[in-house]
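Raw contents of run24.txt, compact mmCIF, N, CA and C atoms and all ligand atoms:
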```txt
# COMPACT_ATOMS: atom_id res chain seq x y z
N MET K 1372 8.90 3.88 -14.96
CA MET K 1372 8.91 2.72 -14.08
C MET K 1372 7.85 2.91 -13.00
N THR K 1373 7.01 1.93 -12.84
CA THR K 1373 6.01 2.00 -11.80
C THR K 1373 6.10 0.77 -10.92
N TYR K 1374 6.34 1.03 -9.65
CA TYR K 1374 6.35 -0.04 -8.66
C TYR K 1374 5.31 0.28 -7.61
N SER K 1375 4.66 -0.76 -7.10
CA SER K 1375 3.73 -0.52 -6.00
C SER K 1375 4.48 -0.09 -4.75
N ASP K 1376 5.71 -0.54 -4.63
CA ASP K 1376 6.55 -0.16 -3.51
C ASP K 1376 7.94 0.20 -4.06
N TYR K 1377 8.39 1.42 -3.81
CA TYR K 1377 9.65 1.87 -4.42
C TYR K 1377 10.85 1.08 -3.91
N LYS K 1378 10.69 0.38 -2.79
CA LYS K 1378 11.81 -0.38 -2.23
C LYS K 1378 12.08 -1.68 -2.98
N LYS K 1379 11.17 -2.06 -3.88
CA LYS K 1379 11.36 -3.29 -4.65
C LYS K 1379 12.62 -3.22 -5.51
N ALA K 1380 12.96 -2.01 -5.96
CA ALA K 1380 14.11 -1.85 -6.85
C ALA K 1380 15.44 -1.95 -6.11
N PHE K 1381 15.40 -1.91 -4.78
CA PHE K 1381 16.64 -1.96 -4.00
C PHE K 1381 17.42 -3.23 -4.24
N LYS K 1382 16.73 -4.31 -4.48
CA LYS K 1382 17.37 -5.60 -4.71
C LYS K 1382 18.36 -5.50 -5.88
N GLN K 1383 17.95 -4.82 -6.92
CA GLN K 1383 18.79 -4.65 -8.10
C GLN K 1383 19.84 -3.56 -7.89
N LEU K 1384 19.46 -2.50 -7.14
CA LEU K 1384 20.34 -1.34 -7.00
C LEU K 1384 21.40 -1.50 -5.91
N ASP K 1385 21.31 -2.54 -5.12
CA ASP K 1385 22.29 -2.74 -4.05
C ASP K 1385 23.71 -2.89 -4.60
N ALA K 1386 23.84 -3.33 -5.84
CA ALA K 1386 25.15 -3.50 -6.45
C ALA K 1386 25.77 -2.16 -6.84
N LYS K 1387 24.93 -1.13 -7.00
CA LYS K 1387 25.43 0.18 -7.42
C LYS K 1387 24.98 1.25 -6.42
N PRO K 1388 25.79 1.51 -5.38
CA PRO K 1388 25.39 2.43 -4.30
C PRO K 1388 25.10 3.86 -4.78
N ALA K 1389 25.87 4.37 -5.74
CA ALA K 1389 25.66 5.73 -6.21
C ALA K 1389 24.31 5.85 -6.92
N LYS K 1390 24.00 4.86 -7.75
CA LYS K 1390 22.72 4.85 -8.46
C LYS K 1390 21.56 4.70 -7.48
N LYS K 1391 21.82 3.91 -6.44
CA LYS K 1391 20.78 3.70 -5.43
C LYS K 1391 20.46 5.00 -4.70
N ALA K 1392 21.50 5.76 -4.36
CA ALA K 1392 21.30 7.03 -3.67
C ALA K 1392 20.49 7.99 -4.54
N LYS K 1393 20.81 8.03 -5.82
CA LYS K 1393 20.10 8.90 -6.74
C LYS K 1393 18.64 8.44 -6.89
N TYR K 1394 18.47 7.13 -6.95
CA TYR K 1394 17.12 6.57 -7.06
C TYR K 1394 16.26 6.96 -5.86
N ILE K 1395 16.85 6.85 -4.67
CA ILE K 1395 16.12 7.20 -3.45
C ILE K 1395 15.77 8.69 -3.44
N LYS K 1396 16.75 9.53 -3.85
CA LYS K 1396 16.54 10.97 -3.86
C LYS K 1396 15.32 11.35 -4.71
N HIS K 1397 15.18 10.70 -5.85
CA HIS K 1397 14.13 11.11 -6.78
C HIS K 1397 12.84 10.30 -6.67
N ASN K 1398 12.86 9.14 -6.04
CA ASN K 1398 11.68 8.28 -6.05
C ASN K 1398 11.05 8.02 -4.69
N LYS K 1399 11.71 8.45 -3.62
CA LYS K 1399 11.15 8.20 -2.29
C LYS K 1399 9.86 8.99 -2.13
N PRO K 1400 8.78 8.31 -1.72
CA PRO K 1400 7.53 9.05 -1.50
C PRO K 1400 7.64 9.99 -0.32
N LYS K 1401 6.83 11.03 -0.35
CA LYS K 1401 6.84 12.01 0.74
C LYS K 1401 6.39 11.35 2.04
N ASP K 1402 6.92 11.85 3.15
CA ASP K 1402 6.46 11.40 4.45
C ASP K 1402 5.13 12.11 4.76
N ARG K 1403 4.06 11.34 4.70
CA ARG K 1403 2.73 11.92 4.85
C ARG K 1403 2.29 11.91 6.32
N LYS K 1404 1.58 12.97 6.69
CA LYS K 1404 1.04 13.05 8.04
C LYS K 1404 -0.46 12.78 8.02
N HIS K 1405 -1.09 13.06 6.90
CA HIS K 1405 -2.52 12.78 6.76
C HIS K 1405 -2.84 12.63 5.28
N GLY K 1406 -4.06 12.20 5.00
CA GLY K 1406 -4.47 12.00 3.61
C GLY K 1406 -4.63 10.53 3.28
N HIS K 1407 -5.27 10.24 2.18
CA HIS K 1407 -5.58 8.85 1.85
C HIS K 1407 -4.33 8.06 1.45
N ALA K 1408 -3.28 8.76 0.99
CA ALA K 1408 -2.07 8.05 0.59
C ALA K 1408 -1.29 7.50 1.79
N LEU K 1409 -1.67 7.94 2.97
CA LEU K 1409 -0.98 7.47 4.18
C LEU K 1409 -1.33 6.02 4.51
N LYS K 1410 -2.57 5.66 4.20
CA LYS K 1410 -3.06 4.34 4.59
C LYS K 1410 -2.85 3.33 3.48
N LYS K 1411 -2.26 2.21 3.84
CA LYS K 1411 -2.06 1.13 2.88
C LYS K 1411 -2.84 -0.09 3.33
N CYS K 1412 -3.31 -0.83 2.35
CA CYS K 1412 -4.01 -2.07 2.65
C CYS K 1412 -2.99 -3.06 3.20
N ARG K 1413 -3.33 -3.69 4.32
CA ARG K 1413 -2.38 -4.62 4.93
C ARG K 1413 -2.27 -5.93 4.15
N ARG K 1414 -3.26 -6.17 3.27
CA ARG K 1414 -3.29 -7.43 2.53
C ARG K 1414 -2.58 -7.31 1.18
N CYS K 1415 -2.90 -6.25 0.42
CA CYS K 1415 -2.34 -6.13 -0.94
C CYS K 1415 -1.47 -4.89 -1.10
N GLY K 1416 -1.46 -3.97 -0.13
CA GLY K 1416 -0.62 -2.79 -0.23
C GLY K 1416 -1.21 -1.66 -1.03
N ARG K 1417 -2.44 -1.81 -1.48
CA ARG K 1417 -3.09 -0.78 -2.26
C ARG K 1417 -3.32 0.45 -1.39
N GLN K 1418 -3.04 1.62 -1.95
CA GLN K 1418 -3.32 2.85 -1.22
C GLN K 1418 -4.27 3.70 -2.03
N GLY K 1419 -5.22 4.28 -1.34
CA GLY K 1419 -6.19 5.10 -2.04
C GLY K 1419 -7.50 5.10 -1.31
N ARG K 1420 -8.50 5.55 -2.01
CA ARG K 1420 -9.82 5.64 -1.38
C ARG K 1420 -10.42 4.24 -1.28
N GLY K 1421 -11.46 4.14 -0.49
CA GLY K 1421 -12.08 2.84 -0.29
C GLY K 1421 -11.34 2.01 0.73
N HIS K 1422 -10.65 2.69 1.65
CA HIS K 1422 -9.90 2.00 2.69
C HIS K 1422 -10.80 1.82 3.91
N ILE K 1423 -10.83 0.62 4.45
CA ILE K 1423 -11.71 0.35 5.58
C ILE K 1423 -10.89 0.21 6.86
N ASP K 1424 -10.99 1.24 7.72
CA ASP K 1424 -10.28 1.26 9.01
C ASP K 1424 -11.13 0.65 10.11
N LYS K 1425 -12.43 0.68 9.89
CA LYS K 1425 -13.38 0.30 10.93
C LYS K 1425 -13.09 -1.10 11.47
N TYR K 1426 -13.27 -1.26 12.79
CA TYR K 1426 -13.03 -2.51 13.52
C TYR K 1426 -11.57 -2.95 13.41
N GLY K 1427 -10.67 -2.03 13.07
CA GLY K 1427 -9.26 -2.37 12.96
C GLY K 1427 -8.94 -3.28 11.79
N LEU K 1428 -9.75 -3.20 10.74
CA LEU K 1428 -9.55 -4.08 9.58
C LEU K 1428 -8.31 -3.67 8.78
N ASP K 1429 -8.23 -2.36 8.42
CA ASP K 1429 -7.10 -1.84 7.65
C ASP K 1429 -6.91 -2.54 6.30
N VAL K 1430 -7.99 -2.75 5.59
CA VAL K 1430 -7.91 -3.35 4.25
C VAL K 1430 -8.64 -2.48 3.24
N CYS K 1431 -8.34 -2.66 1.98
CA CYS K 1431 -9.03 -1.92 0.93
C CYS K 1431 -10.37 -2.59 0.65
N ARG K 1432 -11.21 -1.92 -0.10
CA ARG K 1432 -12.56 -2.44 -0.32
C ARG K 1432 -12.54 -3.71 -1.16
N GLN K 1433 -11.56 -3.83 -2.05
CA GLN K 1433 -11.48 -5.03 -2.88
C GLN K 1433 -11.13 -6.26 -2.04
N CYS K 1434 -10.15 -6.08 -1.13
CA CYS K 1434 -9.78 -7.19 -0.26
C CYS K 1434 -10.91 -7.51 0.71
N PHE K 1435 -11.60 -6.47 1.16
CA PHE K 1435 -12.71 -6.70 2.09
C PHE K 1435 -13.77 -7.59 1.45
N ARG K 1436 -14.06 -7.35 0.19
CA ARG K 1436 -15.05 -8.17 -0.51
C ARG K 1436 -14.63 -9.64 -0.53
N GLU K 1437 -13.34 -9.87 -0.68
CA GLU K 1437 -12.84 -11.24 -0.77
C GLU K 1437 -12.85 -11.95 0.59
N ILE K 1438 -12.53 -11.21 1.65
CA ILE K 1438 -12.37 -11.87 2.96
C ILE K 1438 -13.54 -11.68 3.90
N ALA K 1439 -14.54 -10.89 3.50
CA ALA K 1439 -15.63 -10.53 4.41
C ALA K 1439 -16.34 -11.76 4.98
N ALA K 1440 -16.70 -12.68 4.12
CA ALA K 1440 -17.43 -13.87 4.59
C ALA K 1440 -16.54 -14.71 5.51
N HIS K 1441 -15.26 -14.76 5.19
CA HIS K 1441 -14.32 -15.57 5.98
C HIS K 1441 -14.13 -15.04 7.39
N ILE K 1442 -14.16 -13.69 7.54
CA ILE K 1442 -13.94 -13.11 8.86
C ILE K 1442 -15.25 -12.84 9.60
N GLY K 1443 -16.36 -13.30 9.04
CA GLY K 1443 -17.59 -13.30 9.80
C GLY K 1443 -18.63 -12.26 9.44
N PHE K 1444 -18.41 -11.51 8.37
CA PHE K 1444 -19.44 -10.56 7.95
C PHE K 1444 -20.49 -11.30 7.13
N LYS K 1445 -21.72 -10.87 7.29
CA LYS K 1445 -22.81 -11.53 6.60
C LYS K 1445 -23.55 -10.52 5.75
N LYS K 1446 -23.79 -10.87 4.51
CA LYS K 1446 -24.46 -9.97 3.58
C LYS K 1446 -25.96 -10.22 3.60
N TYR K 1447 -26.72 -9.18 3.95
CA TYR K 1447 -28.17 -9.31 3.94
C TYR K 1447 -28.71 -8.86 2.60
N SER K 1448 -29.86 -9.35 2.26
CA SER K 1448 -30.57 -9.10 1.00
C SER K 1448 -29.90 -9.69 -0.21
ZN ZN I 1 -6.15 -4.81 -0.44
```
Could the structure of this file be written out as structure tokens, please?
Ligand SMILES: [Zn+2]
Amino acid sequence: MTYSDYKKAFKQLDAKPAKKAKYIKHNKPKDRKHGHALKKCRRCGRQGRGHIDKYGLDVCRQCFREIAAHIGFKKYS
């Protein structure tokens, strides 16, 4: 099972508390203090390299490409 966010399964698991506890025990991501997995894109939730923190953007490179012109960036050449 692959979810972008492990909490998505809670909706289904709320009916079975014991299964939910076991699910959390085995699937909860580590609490990170540093590293690329700490940062999530605020637009799509993607975590990984290509994250743009500059100017307080906090988006991944794919989202940046989509919204760059809208938020005022101009592409030269
Ligand atoms: Zn994104």
8 Å shell around ligand ZN 1 (chain I) using only N, CA and C atoms and all ligand atoms, listed as an MDAnalysis selection string: chainID K and resid 1411:1418 1429:1435
As JSON, please report the centre and edge lengths, rounded to one decimal in Å, of the axis-aligned box that holds all listed atoms of segment 1414-1426 of chain K with 3 Å of padding on each of the six sides.
```
{"center_x": -7.0, "center_y": -0.9, "center_z": 5.6, "size_x": 18.8, "size_y": 19.1, "size_z": 21.8}
```
Atom CA of Lys1410 of chain K to atom CA of Ala1440 of chain K, straight-line distance in Å: 23.2 Å
Length of the atom C of His1441 of chain K to atom C of Gly1427 of chain K vector [Å]: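 Computed distance, atom C of His1441 of chain K to atom C of Gly1427 of chain K, equals 13.6 Å.
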Distance in Å - atom N of Lys1399 of chain K versus atom C of Lys1378 of chain K: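 Going from atom N of Lys1399 of chain K over to atom C of Lys1378 of chain K, I get 10.2 Å.
Backbone DSSP over segment 1383-1426 of chain K gives helix (DSSP H, G or I) for Gln1383, Leu1384, Pro1388, Ala1389, Lys1390, Lys1391, Ala1392, Lys1393, Tyr1394, Ile1395, Lys1396, His1397, Asn1398, His1407, Ala1408, Leu1409, Lys1425 and Tyr1426 of chain K.
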Nearest to Tyr1377 of chain K, chosen from K:Arg1420, K:Asn1398, K:His1407, K:Tyr1447, with only N, CA and C atoms counted in the distances: K:Asn1398
Nearby residues, (17.1, 1.6, -5.9) file frame, 7 Å, all atoms listed in the file, as JSON, numbers by chain: {"K": [1377, 1378, 1379, 1380, 1381, 1382, 1383, 1384, 1385, 1390, 1391, 1392, 1394, 1395]}
